[in-house]
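*Asks:* The following file, query.cif, comprises mmCIF, C-alpha atoms and all ligand atoms:
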data_model
loop_
_atom_site.label_atom_id
_atom_site.label_comp_id
_atom_site.auth_asym_id
_atom_site.auth_seq_id
_atom_site.Cartn_x
_atom_site.Cartn_y
_atom_site.Cartn_z
CA MET A 1 65.74 14.93 -0.59
CA LYS A 2 65.43 13.16 2.72
CA GLU A 3 67.96 10.44 3.31
CA GLN A 4 66.80 7.01 2.23
CA ILE A 5 66.82 4.53 5.10
CA TYR A 6 66.44 0.79 4.77
CA LEU A 7 64.95 -1.56 7.39
CA ASN A 8 65.03 -0.80 11.12
CA ASN A 9 66.96 -2.77 13.72
CA VAL A 10 68.69 -5.27 11.49
CA VAL A 11 72.28 -4.15 11.05
CA THR A 12 75.07 -5.97 12.85
CA LEU A 13 77.18 -2.90 13.59
CA GLU A 14 78.63 -2.77 17.13
CA LEU A 15 80.88 -0.20 18.76
CA ASP A 16 82.97 -0.98 21.82
CA ILE A 17 83.32 2.48 23.27
CA ASP A 18 86.01 1.41 25.74
CA LYS A 19 88.37 0.51 22.95
CA CYS A 20 87.70 3.69 20.95
CA ASN A 21 90.63 6.11 20.91
CA GLY A 22 88.80 8.93 19.21
CA CYS A 23 90.78 8.92 15.96
CA MET A 24 87.58 9.70 13.99
CA MET A 25 88.60 7.48 11.11
CA CYS A 26 85.21 5.78 11.14
CA MET A 27 83.53 9.14 10.61
CA THR A 28 85.80 9.77 7.64
CA VAL A 29 85.14 6.52 5.82
CA CYS A 30 81.44 6.00 6.56
CA PRO A 31 79.32 6.90 3.52
CA HIS A 32 76.13 7.21 5.57
CA HIS A 33 77.20 9.37 8.50
CA VAL A 34 76.43 6.67 11.04
CA PHE A 35 78.95 8.04 13.57
CA GLU A 36 79.19 11.40 15.28
CA SER A 37 81.86 12.65 17.65
CA LYS A 38 81.05 12.83 21.31
CA ASN A 39 83.34 13.47 24.30
CA LYS A 40 86.50 12.89 22.27
CA LYS A 41 85.16 9.55 21.13
CA VAL A 42 82.43 8.59 18.70
CA GLU A 43 78.90 7.38 19.09
CA ILE A 44 76.53 5.66 16.71
CA ILE A 45 73.85 8.20 15.87
CA ASN A 46 72.12 6.54 12.95
CA LYS A 47 72.49 2.79 13.09
CA ASP A 48 69.66 2.05 10.68
CA ALA A 49 71.47 4.02 7.97
CA CYS A 50 74.39 1.58 8.08
CA MET A 51 74.70 -0.53 4.92
CA GLU A 52 77.27 -2.93 6.41
CA CYS A 53 79.97 -2.00 3.95
CA GLY A 54 82.65 -2.70 6.53
CA ALA A 55 84.75 0.40 5.86
CA CYS A 56 84.70 1.55 9.48
CA GLU A 57 85.74 -1.81 10.88
CA LYS A 58 88.53 -2.11 8.35
CA ASN A 59 89.90 1.31 9.26
CA CYS A 60 89.54 1.27 13.03
CA ALA A 61 93.06 0.65 14.26
CA ALA A 62 91.75 0.24 17.82
CA LYS A 63 89.46 -2.60 16.71
CA ALA A 64 86.53 -0.98 18.45
CA ILE A 65 84.07 -1.70 15.64
CA THR A 66 82.60 -4.96 14.45
CA VAL A 67 80.14 -5.42 11.63
CA ARG A 68 79.28 -8.41 9.52
CA SER A 69 79.94 -6.87 6.18
CA GLY A 70 78.71 -7.98 2.81
CA VAL A 71 76.71 -6.89 -0.17
CA GLY A 72 73.06 -6.06 0.37
CA CYS A 73 72.01 -7.61 -2.87
CA ALA A 74 69.10 -10.00 -3.33
CA ALA A 75 70.44 -11.47 -6.57
CA GLY A 76 73.77 -12.13 -4.86
CA ILE A 77 72.05 -13.87 -1.96
CA ILE A 78 70.00 -16.05 -4.30
CA LYS A 79 73.11 -16.90 -6.22
CA GLY A 80 74.97 -17.67 -3.00
CA THR A 81 72.15 -19.90 -1.76
CA LEU A 82 71.94 -21.81 -5.01
CA SER A 83 75.66 -22.41 -5.24
CA GLY A 84 76.19 -22.86 -1.51
CA THR A 85 78.62 -19.96 -1.12
CA GLU A 86 78.71 -16.61 0.61
CA PRO A 87 76.28 -14.11 -0.83
CA CYS A 88 78.33 -12.51 -3.48
CA CYS A 89 77.78 -11.03 -6.68
CA GLY A 90 80.03 -12.12 -9.40
CA CYS A 91 76.91 -11.08 -11.24
CA GLY A 92 79.50 -9.05 -12.91
CA GLU A 93 79.46 -5.37 -12.70
CA LYS A 94 75.86 -4.62 -13.02
CA ASN A 95 76.32 -0.99 -12.21
CA LYS A 96 78.73 1.53 -10.99
CA ASN A 97 77.61 1.65 -7.40
CA LYS A 98 77.71 -1.85 -6.08
CA CYS A 99 78.58 -5.12 -7.61
CA CYS A 100 75.25 -6.82 -7.80
CA MET B 1 94.73 4.87 -26.79
CA ASN B 2 92.71 7.96 -27.47
CA PHE B 3 93.10 9.34 -23.96
CA ILE B 4 96.93 9.41 -23.91
CA LYS B 5 98.29 12.81 -24.80
CA LYS B 6 102.02 12.11 -24.66
CA TRP B 7 104.64 10.23 -22.71
CA ILE B 8 107.05 11.60 -20.12
CA ASN B 9 110.24 10.11 -18.75
CA THR B 10 110.57 9.44 -15.04
CA ASP B 11 112.98 7.48 -12.88
CA ALA B 12 110.52 4.61 -13.08
CA GLY B 13 110.33 4.69 -16.86
CA LYS B 14 107.97 6.21 -19.38
CA ILE B 15 104.63 7.35 -18.03
CA PRO B 16 101.60 8.25 -20.18
CA VAL B 17 100.09 11.70 -19.71
CA VAL B 18 96.32 11.50 -20.13
CA ASN B 19 93.73 14.05 -21.17
CA THR B 20 91.44 15.57 -18.58
CA SER B 21 88.66 16.01 -21.08
CA LEU B 22 86.66 13.12 -22.42
CA ASP B 23 86.24 12.79 -26.16
CA TRP B 24 83.51 11.05 -28.10
CA THR B 25 85.15 7.61 -27.85
CA ASP B 26 85.15 7.90 -24.05
CA ASN B 27 81.54 9.05 -23.99
CA PHE B 28 80.50 6.38 -26.45
CA GLY B 29 82.28 3.82 -24.28
CA THR B 30 80.37 5.04 -21.22
CA ILE B 31 77.07 4.71 -23.04
CA LYS B 32 77.97 1.20 -24.16
CA ALA B 33 79.00 0.21 -20.64
CA ARG B 34 75.76 1.65 -19.27
CA LEU B 35 73.94 -0.61 -21.70
CA THR B 36 76.21 -3.40 -20.41
CA PHE B 37 77.80 -4.13 -23.81
CA GLY B 38 81.36 -5.29 -23.32
CA ARG B 39 81.14 -4.03 -19.78
CA MET B 40 83.21 -6.84 -18.32
CA ASN B 41 86.04 -5.86 -20.55
CA TYR B 42 85.99 -2.09 -20.28
CA LYS B 43 89.42 -1.72 -18.75
CA VAL B 44 92.52 0.39 -18.68
CA GLU B 45 95.98 -0.99 -18.07
CA PRO B 46 96.90 -0.89 -14.33
CA GLY B 47 99.89 1.33 -13.57
CA ILE B 48 100.81 4.98 -13.25
CA TYR B 49 99.41 7.79 -15.34
CA ALA B 50 99.98 11.52 -15.23
CA VAL B 51 97.63 14.48 -15.64
CA GLY B 52 98.87 18.02 -16.25
CA ASN B 53 102.52 18.49 -15.48
CA PRO B 54 103.23 16.61 -12.26
CA ASN B 55 106.53 16.54 -10.40
CA SER B 56 107.83 14.54 -7.46
CA ASP B 57 105.72 16.55 -4.99
CA SER B 58 102.43 16.15 -6.83
CA PHE B 59 99.41 14.32 -5.47
CA VAL B 60 98.88 10.65 -6.17
CA PHE B 61 95.27 9.63 -6.76
CA VAL B 62 94.33 5.97 -6.63
CA SER B 63 91.73 4.51 -8.99
CA ALA B 64 90.37 1.24 -10.33
CA ASN B 65 91.04 -0.08 -13.79
CA TYR B 66 87.39 0.06 -14.82
CA LYS B 67 87.55 2.57 -17.64
CA MET B 68 84.52 4.48 -16.39
CA SER B 69 86.08 4.94 -12.92
CA PHE B 70 89.31 6.12 -14.53
CA ASP B 71 87.46 8.51 -16.86
CA VAL B 72 85.44 10.06 -14.05
CA LEU B 73 88.60 10.68 -12.08
CA ARG B 74 90.73 12.19 -14.85
CA SER B 75 87.92 14.36 -16.16
CA ASN B 76 87.72 15.98 -12.73
CA LEU B 77 91.44 16.71 -12.53
CA SER B 78 91.71 19.43 -15.15
CA GLY B 79 94.07 22.14 -14.02
CA ILE B 80 95.58 19.85 -11.41
CA ASP B 81 99.04 18.32 -11.76
CA ALA B 82 98.85 14.82 -10.40
CA TRP B 83 99.69 11.17 -10.73
CA ILE B 84 97.08 8.45 -10.97
CA LEU B 85 97.85 5.01 -9.61
CA VAL B 86 95.48 2.59 -11.33
CA LEU B 87 94.99 -0.66 -9.43
CA ASP B 88 94.16 -3.96 -11.06
CA THR B 89 90.56 -4.53 -10.01
CA ASP B 90 89.73 -6.74 -12.94
CA GLY B 91 87.86 -3.95 -14.67
CA ILE B 92 85.48 -3.42 -11.78
CA ASN B 93 84.60 -0.05 -10.29
CA VAL B 94 86.04 1.20 -7.01
CA TRP B 95 83.13 0.55 -4.64
CA CYS B 96 82.28 -2.83 -5.98
CA ALA B 97 85.90 -3.95 -6.09
CA ALA B 98 86.44 -2.67 -2.55
CA GLY B 99 83.56 -4.86 -1.40
CA LYS B 100 85.23 -7.85 -3.00
CA GLY B 101 88.65 -6.81 -1.70
CA THR B 102 90.27 -6.54 -5.12
CA PHE B 103 90.50 -2.81 -4.58
CA GLY B 104 92.35 -3.22 -1.34
CA THR B 105 95.40 -3.01 0.86
CA LYS B 106 97.26 -5.84 -0.83
CA GLU B 107 96.78 -4.55 -4.35
CA ILE B 108 97.82 -1.03 -3.31
CA VAL B 109 101.01 -2.30 -1.69
CA ASN B 110 101.79 -4.53 -4.68
CA ARG B 111 101.03 -1.88 -7.26
CA ILE B 112 103.33 0.60 -5.49
CA LYS B 113 106.14 -1.94 -5.81
CA ILE B 114 105.41 -2.98 -9.40
CA THR B 115 105.18 0.58 -10.67
CA GLY B 116 108.15 1.94 -8.74
CA LEU B 117 106.01 4.77 -7.42
CA GLU B 118 108.60 5.51 -4.75
CA LYS B 119 111.04 6.55 -7.45
CA ILE B 120 108.56 8.91 -9.05
CA VAL B 121 107.33 10.87 -6.07
CA ASN B 122 108.95 12.18 -2.91
CA ASN B 123 105.71 12.73 -1.05
CA ARG B 124 104.28 9.65 0.60
CA ARG B 125 100.59 10.31 0.43
CA LEU B 126 97.98 8.39 -1.55
CA ILE B 127 94.57 9.93 -2.08
CA VAL B 128 92.19 6.98 -2.09
CA PRO B 129 88.51 7.45 -2.97
CA GLN B 130 86.41 7.10 0.16
CA LEU B 131 84.33 4.36 -1.45
CA GLY B 132 87.50 2.28 -1.65
CA ALA B 133 87.65 2.16 2.15
CA PRO B 134 85.72 -1.12 2.56
CA GLY B 135 88.70 -2.85 0.96
CA VAL B 136 91.50 -0.70 2.32
CA SER B 137 92.92 -0.56 5.79
CA PHE B 138 94.87 2.68 6.10
CA TYR B 139 97.05 1.38 8.93
CA ASP B 140 98.00 -1.77 7.04
CA VAL B 141 98.96 0.25 3.98
CA LYS B 142 101.21 2.28 6.23
CA LYS B 143 102.65 -0.86 7.79
CA PHE B 144 103.41 -2.63 4.52
CA SER B 145 104.46 0.33 2.38
CA SER B 146 106.01 3.72 2.98
CA PHE B 147 102.79 5.48 1.97
CA SER B 148 99.90 6.74 4.02
CA VAL B 149 96.33 6.92 2.87
CA THR B 150 94.16 10.02 2.80
CA TYR B 151 90.55 9.33 1.95
CA GLY B 152 89.27 11.67 -0.72
CA PRO B 153 85.62 12.55 -1.28
CA VAL B 154 82.98 10.04 -2.43
CA ARG B 155 82.46 11.83 -5.74
CA ALA B 156 85.42 12.74 -7.95
CA SER B 157 83.65 15.98 -8.85
CA ASP B 158 84.36 17.21 -5.31
CA ILE B 159 88.13 16.71 -5.67
CA PRO B 160 88.99 20.28 -6.73
CA GLU B 161 87.08 21.63 -3.73
CA PHE B 162 88.66 19.01 -1.48
CA ILE B 163 92.16 20.06 -2.52
CA LYS B 164 91.38 23.77 -2.24
CA SER B 165 90.26 23.34 1.35
CA GLY B 166 93.48 21.57 2.29
CA MET B 167 92.33 17.96 1.96
CA LYS B 168 89.24 18.41 4.02
CA ALA B 169 85.96 16.90 2.94
CA THR B 170 82.68 18.37 4.08
CA GLU B 171 80.06 16.12 5.57
CA ASP B 172 78.18 16.25 2.29
CA MET B 173 81.24 15.12 0.33
CA ARG B 174 81.49 12.06 2.57
CA LYS B 175 77.96 10.87 1.93
CA VAL B 176 76.71 8.69 -0.88
CA ARG B 177 73.43 9.61 -2.47
CA PHE B 178 70.90 7.79 -4.54
CA THR B 179 69.34 10.57 -6.53
CA LEU B 180 66.83 10.35 -9.34
CA TYR B 181 69.71 10.76 -11.79
CA ASP B 182 71.69 7.96 -10.13
CA ARG B 183 68.70 5.69 -10.45
CA VAL B 184 67.82 6.67 -14.02
CA VAL B 185 71.27 5.78 -15.36
CA LEU B 186 70.90 2.32 -13.83
CA ILE B 187 67.68 1.54 -15.69
CA PRO B 188 69.30 0.44 -18.99
CA ALA B 189 71.41 -2.11 -17.09
CA GLU B 190 68.35 -3.30 -15.15
CA ILE B 191 66.55 -3.87 -18.43
CA VAL B 192 69.41 -5.54 -20.26
CA LEU B 193 70.48 -7.76 -17.36
CA GLY B 194 66.93 -8.62 -16.34
CA LYS B 195 66.04 -9.89 -19.78
CA THR B 196 66.66 -13.51 -18.74
CA TYR B 197 63.69 -13.24 -16.38
CA LEU B 198 61.71 -11.67 -19.17
CA ILE B 199 62.45 -14.48 -21.59
CA TYR B 200 61.65 -17.23 -19.06
CA ALA B 201 58.43 -15.57 -17.98
CA ALA B 202 57.29 -14.95 -21.54
CA PHE B 203 58.07 -18.54 -22.47
CA VAL B 204 56.18 -20.01 -19.52
CA MET B 205 53.14 -17.83 -20.14
CA PHE B 206 53.19 -18.61 -23.82
CA VAL B 207 53.29 -22.36 -23.29
CA LEU B 208 50.76 -22.35 -20.48
CA SER B 209 48.33 -20.25 -22.45
CA GLY B 210 47.50 -23.27 -24.57
CA LEU B 211 46.04 -25.06 -21.54
CA ASN B 212 42.31 -25.24 -21.10
CA LYS B 213 39.66 -27.47 -19.55
CA ASN B 214 39.68 -29.82 -22.49
CA GLY B 215 43.42 -30.23 -22.71
CA TYR B 216 45.81 -28.31 -24.87
CA SER B 217 44.97 -26.10 -27.77
CA VAL B 218 47.49 -24.49 -30.05
CA SER B 219 45.03 -21.92 -31.32
CA LEU B 220 44.56 -20.68 -27.78
CA ILE B 221 48.25 -19.87 -27.62
CA PHE B 222 47.81 -17.16 -30.18
CA ASP B 223 44.77 -15.80 -28.44
CA LYS B 224 45.78 -15.89 -24.85
CA GLY B 225 49.52 -16.11 -25.41
CA VAL B 226 49.95 -12.79 -27.15
CA LEU B 227 47.92 -10.96 -24.51
CA SER B 228 49.90 -12.58 -21.73
CA ILE B 229 53.21 -11.63 -23.28
CA LEU B 230 52.07 -8.02 -23.36
CA ASN B 231 51.36 -8.34 -19.66
CA VAL B 232 54.78 -9.84 -19.03
CA LEU B 233 56.31 -6.86 -20.80
CA ILE B 234 54.35 -4.40 -18.70
CA ALA B 235 55.36 -6.19 -15.51
CA PHE B 236 59.00 -6.25 -16.57
CA PHE B 237 58.95 -2.56 -17.41
CA ALA B 238 57.34 -1.81 -14.05
CA GLY B 239 60.02 -3.71 -12.14
CA ALA B 240 63.02 -2.56 -14.13
CA ALA B 241 62.07 1.06 -14.77
CA ILE B 242 59.13 2.32 -12.71
CA SER B 243 60.43 0.91 -9.42
CA PRO B 244 63.87 2.53 -9.69
CA LEU B 245 62.27 5.82 -10.75
CA LEU B 246 59.72 6.01 -7.97
CA LEU B 247 61.80 4.24 -5.33
CA PRO B 248 61.82 6.85 -2.53
CA TRP B 249 58.14 7.60 -2.98
CA LEU B 250 56.87 4.04 -2.96
CA PRO B 251 55.40 3.02 0.41
CA GLY B 252 57.39 0.85 2.78
CA ARG B 253 61.07 0.34 3.46
CA SER B 254 61.66 -3.10 2.00
CA PHE B 255 62.14 -3.26 -1.73
CA SER B 256 59.78 -6.20 -2.10
CA LEU B 257 56.96 -4.18 -0.57
CA LYS B 258 57.79 -1.19 -2.75
CA GLY B 259 57.75 -3.57 -5.72
CA PHE B 260 54.38 -4.94 -4.66
CA PHE B 261 52.97 -1.44 -5.13
CA THR B 262 54.69 -0.97 -8.49
CA GLY B 263 53.14 -4.31 -9.41
CA ILE B 264 49.74 -2.83 -8.68
CA ILE B 265 50.59 0.13 -10.92
CA GLY B 266 51.48 -2.33 -13.68
CA PHE B 267 48.28 -4.25 -13.06
CA ILE B 268 46.18 -1.08 -13.30
CA ILE B 269 47.86 -0.13 -16.58
CA SER B 270 47.17 -3.58 -17.95
CA TYR B 271 43.58 -3.52 -16.68
CA TYR B 272 42.83 -0.22 -18.39
CA CYS B 273 44.45 -1.42 -21.58
CA GLY B 274 42.03 -4.34 -21.48
CA LEU B 275 44.77 -6.92 -21.18
CA THR B 276 43.47 -8.66 -18.08
CA GLY B 277 40.28 -9.98 -19.64
CA ASN B 278 36.86 -9.45 -18.12
CA ASN B 279 36.48 -12.48 -15.96
CA ALA B 280 36.78 -11.55 -12.26
CA LEU B 281 38.81 -14.62 -11.36
CA LYS B 282 41.19 -14.06 -14.22
CA ILE B 283 41.62 -10.42 -13.31
CA PHE B 284 42.45 -11.58 -9.82
CA ALA B 285 45.02 -14.03 -11.24
CA TRP B 286 46.68 -11.17 -13.09
CA PHE B 287 46.71 -9.12 -9.94
CA LEU B 288 48.59 -11.93 -8.16
CA LEU B 289 51.02 -12.40 -11.02
CA PHE B 290 51.77 -8.71 -11.41
CA SER B 291 52.31 -8.03 -7.73
CA SER B 292 54.53 -11.04 -7.06
CA ALA B 293 56.64 -10.75 -10.21
CA VAL B 294 57.24 -7.02 -9.85
CA SER B 295 57.93 -7.42 -6.15
CA PHE B 296 60.63 -9.94 -7.04
CA LEU B 297 62.16 -7.75 -9.75
CA THR B 298 62.24 -4.74 -7.45
CA MET B 299 63.83 -6.78 -4.68
CA ASN B 300 66.68 -7.42 -7.08
CA PHE B 301 67.26 -3.69 -7.32
CA THR B 302 68.67 -3.80 -3.75
CA GLY B 303 71.98 -4.75 -5.34
CA ALA B 304 72.09 -1.56 -7.34
CA SER B 305 71.00 0.70 -4.51
CA THR B 306 73.53 2.48 -2.34
CA TYR B 307 72.00 1.94 1.06
CA THR B 308 70.80 -1.62 1.61
CA SER B 309 72.59 -3.87 4.10
CA LEU B 310 73.19 -7.59 3.80
CA SER B 311 71.31 -8.29 7.04
CA GLY B 312 68.37 -6.22 5.86
CA VAL B 313 68.12 -7.90 2.47
CA LYS B 314 68.31 -11.32 4.12
CA LYS B 315 65.53 -10.38 6.48
CA GLU B 316 63.28 -9.03 3.78
CA MET B 317 63.86 -12.07 1.58
CA LYS B 318 62.90 -14.42 4.37
CA TYR B 319 59.31 -13.30 4.29
CA ALA B 320 59.08 -11.86 0.78
CA VAL B 321 60.34 -14.79 -1.29
CA PRO B 322 57.78 -17.33 0.02
CA MET B 323 55.01 -14.81 -0.59
CA GLN B 324 56.24 -14.05 -4.09
CA ILE B 325 56.38 -17.75 -4.90
CA ALA B 326 52.94 -18.41 -3.44
CA GLY B 327 51.51 -15.43 -5.30
CA ALA B 328 53.06 -16.45 -8.59
CA ILE B 329 52.02 -20.11 -8.35
CA SER B 330 48.44 -19.45 -7.32
CA GLY B 331 48.19 -16.72 -9.95
CA LEU B 332 49.45 -19.09 -12.62
CA LEU B 333 47.10 -21.87 -11.54
CA ILE B 334 44.01 -19.69 -11.57
CA TRP B 335 45.02 -18.13 -14.85
CA ALA B 336 45.80 -21.44 -16.55
CA ILE B 337 42.58 -23.10 -15.44
CA LYS B 338 40.31 -20.22 -16.34
S1 LIG C 401 87.86 4.48 14.11
FE1 LIG C 401 87.70 3.26 15.99
S2 LIG C 401 89.04 4.24 17.44
FE2 LIG C 401 88.73 5.69 15.78
S3 LIG C 401 87.01 6.96 16.47
FE3 LIG C 401 86.14 5.30 15.26
S4 LIG C 401 85.65 3.71 16.76
FE4 LIG C 401 87.03 5.13 17.76
S1 LIG C 402 79.66 -0.54 7.89
FE1 LIG C 402 79.82 1.13 6.38
S2 LIG C 402 77.84 2.14 6.48
FE2 LIG C 402 78.00 0.89 8.32
S3 LIG C 402 78.81 2.27 9.85
FE3 LIG C 402 80.54 1.21 8.95
S4 LIG C 402 81.24 2.57 7.34
FE4 LIG C 402 79.17 3.23 7.91
#
Show me, as structure tokens, the structure contained in the file I just sent.

*Replies:*
Amino acid sequence: MKEQIYLNNVVTLELDIDKCNGCMMCMTVCPHHVFESKNKKVEIINKDACMECGACEKNCAAKAITVRSGVGCAAGIIKGTLSGTEPCCGCGEKNKNKCC
Amino acid sequence: MNFIKKWINTDAGKIPVVNTSLDWTDNFGTIKARLTFGRMNYKVEPGIYAVGNPNSDSFVFVSANYKMSFDVLRSNLSGIDAWILVLDTDGINVWCAAGKGTFGTKEIVNRIKITGLEKIVNNRRLIVPQLGAPGVSFYDVKKFSSFSVTYGPVRASDIPEFIKSGMKATEDMRKVRFTLYDRVVLIPAEIVLGKTYLIYAAFVMFVLSGLNKNGYSVSLIFDKGVLSILNVLIAFFAGAAISPLLLPWLPGRSFSLKGFFTGIIGFIISYYCGLTGNNALKIFAWFLLFSSAVSFLTMNFTGASTYTSLSGVKKEMKYAVPMQIAGAISGLLIWAIK
């Protein structure tokens, strides 16, 4: 089946190509193949597929990647809004994939 | 513990050897957890486990202490001699715990110390599931422990292939999916956990159904109330089951829009079952109620999906929630007055 893509032009993922050292770690950890190698560095080939999980940022030793990570979960956001905290689940293990 | 085969002695003490096949208690436990019964407490003890006949050069796989995560891993390690380092993630699965940071650098470093892993193995490699990466920083693990992290495939079922090819994952092994099967197994949890909405909605409809032009009538409740509860059930089923099933084929990208269309499906079902009445205004009220309620329920499925981003969900909620509220309130008003 074709890859499922969420909304266009919303994700906060940024790559600072000057800092990139071409270690390819981001390609390894990304579950949506957002990066592709190019000229011994990487480029973002599919930004809209990014789910802002934060794995790439966390594993880029060169600190070339920034993304505002969090859970894309409506119930978590509602909960966060009502209790005045960050959007997070705590909805307790609804399923095996993500927390909310 | 049904899954422990025997115990072996190591320099770090006695270690349980676990089965690589799941028996009926494991499978029954999975079914229960899928139905959310006792799910918050479906745990294994954090620590080190063995599969097969591992020695000091064997692989070390890292897992969460959610029993289902642990079961999926060990059942894919048959024929492999390995150690499993189970982190304390509070009984939460790898991906979810990684998002919260409980499956993370700090817990890995701590768990290595607590278990004495260094005394058990000579090799210094941890195979961490790729979906643990949002919580783990490979360079920090290296800095704060003597171990280095290798990210294994997304799905444990690819582990044998991953090892055979010399710890290389194909592009496909690195990608998460959201297949029909993935979505179907989530439906029971959607239904069980969404029941609060169901109860509230049914209650509101039941009480409001007594309203009429001349005030309040209890006999109306049994007339209108029963019909409306059937409609609530249809709407709930549409949001919790039809939306997940049809997700990729529903029009639009945002879940609230997809849910709007499932709401229309629910409305059509109700209409043909004669549950919407035959007054045009009332039918319209049901249309509003169905579309806004199912849109809301489907929007909540973003949390269970494997590809929605926080920024995206925030954006969609900004326009969808006011519309859902407006739709629901005007639907209720028209319906109650008619
Ligand atoms: S992880 Fe960072 S440094 Fe390495 S390739 Fe990706 S962006 Fe470049
Ligand atoms: S945040 Fe996650 S999904 Fe987005 S690019 Fe990074 S690793 Fe990929």

*Asks:* Restricting the calculation to only C-alpha atoms and all ligand atoms: of B:Gln130, B:Asn41, B:Ser145, B:Gln324, which residue gets closest to ligand LIG 402 (chain C)?

*Replies:*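 Ranked by minimum distance to ligand LIG 402 (chain C), first place goes to B:Gln130.
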
*Asks:* For a quick check of your reading of the model, name the residues lying within 8 Å of the coordinate (92.1, 11.3, -26.2), counting all atoms listed in the file, and write them as a ChimeraX atom specification.

*Replies:* /B:1-5,18-19,21-23

*Asks:* Show me which residues sit within 7 Å of ligand LIG 402 (chain C) when counting all atoms listed in the file, and put them as a PyMOL selection string.

*Replies:* chain A and resi 13+26+29-35+49-57+67+69

*Asks:* Give me the residues within 8 Å of segment 165-169 of chain B as a list in words, counting all atoms listed in the file and dropping any in the same chain fewer than 4 places off.

*Replies:* Gly152, Pro153, Glu161, Met173 and Arg174 of chain B

*Asks:* Have a look at atom CA of Gly312 of chain B and atom CA of Ala326 of chain B and let me know their distance in Å, one decimal.

*Replies:*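 Atom CA of Ala326 of chain B lies 21.8 Å from atom CA of Gly312 of chain B.
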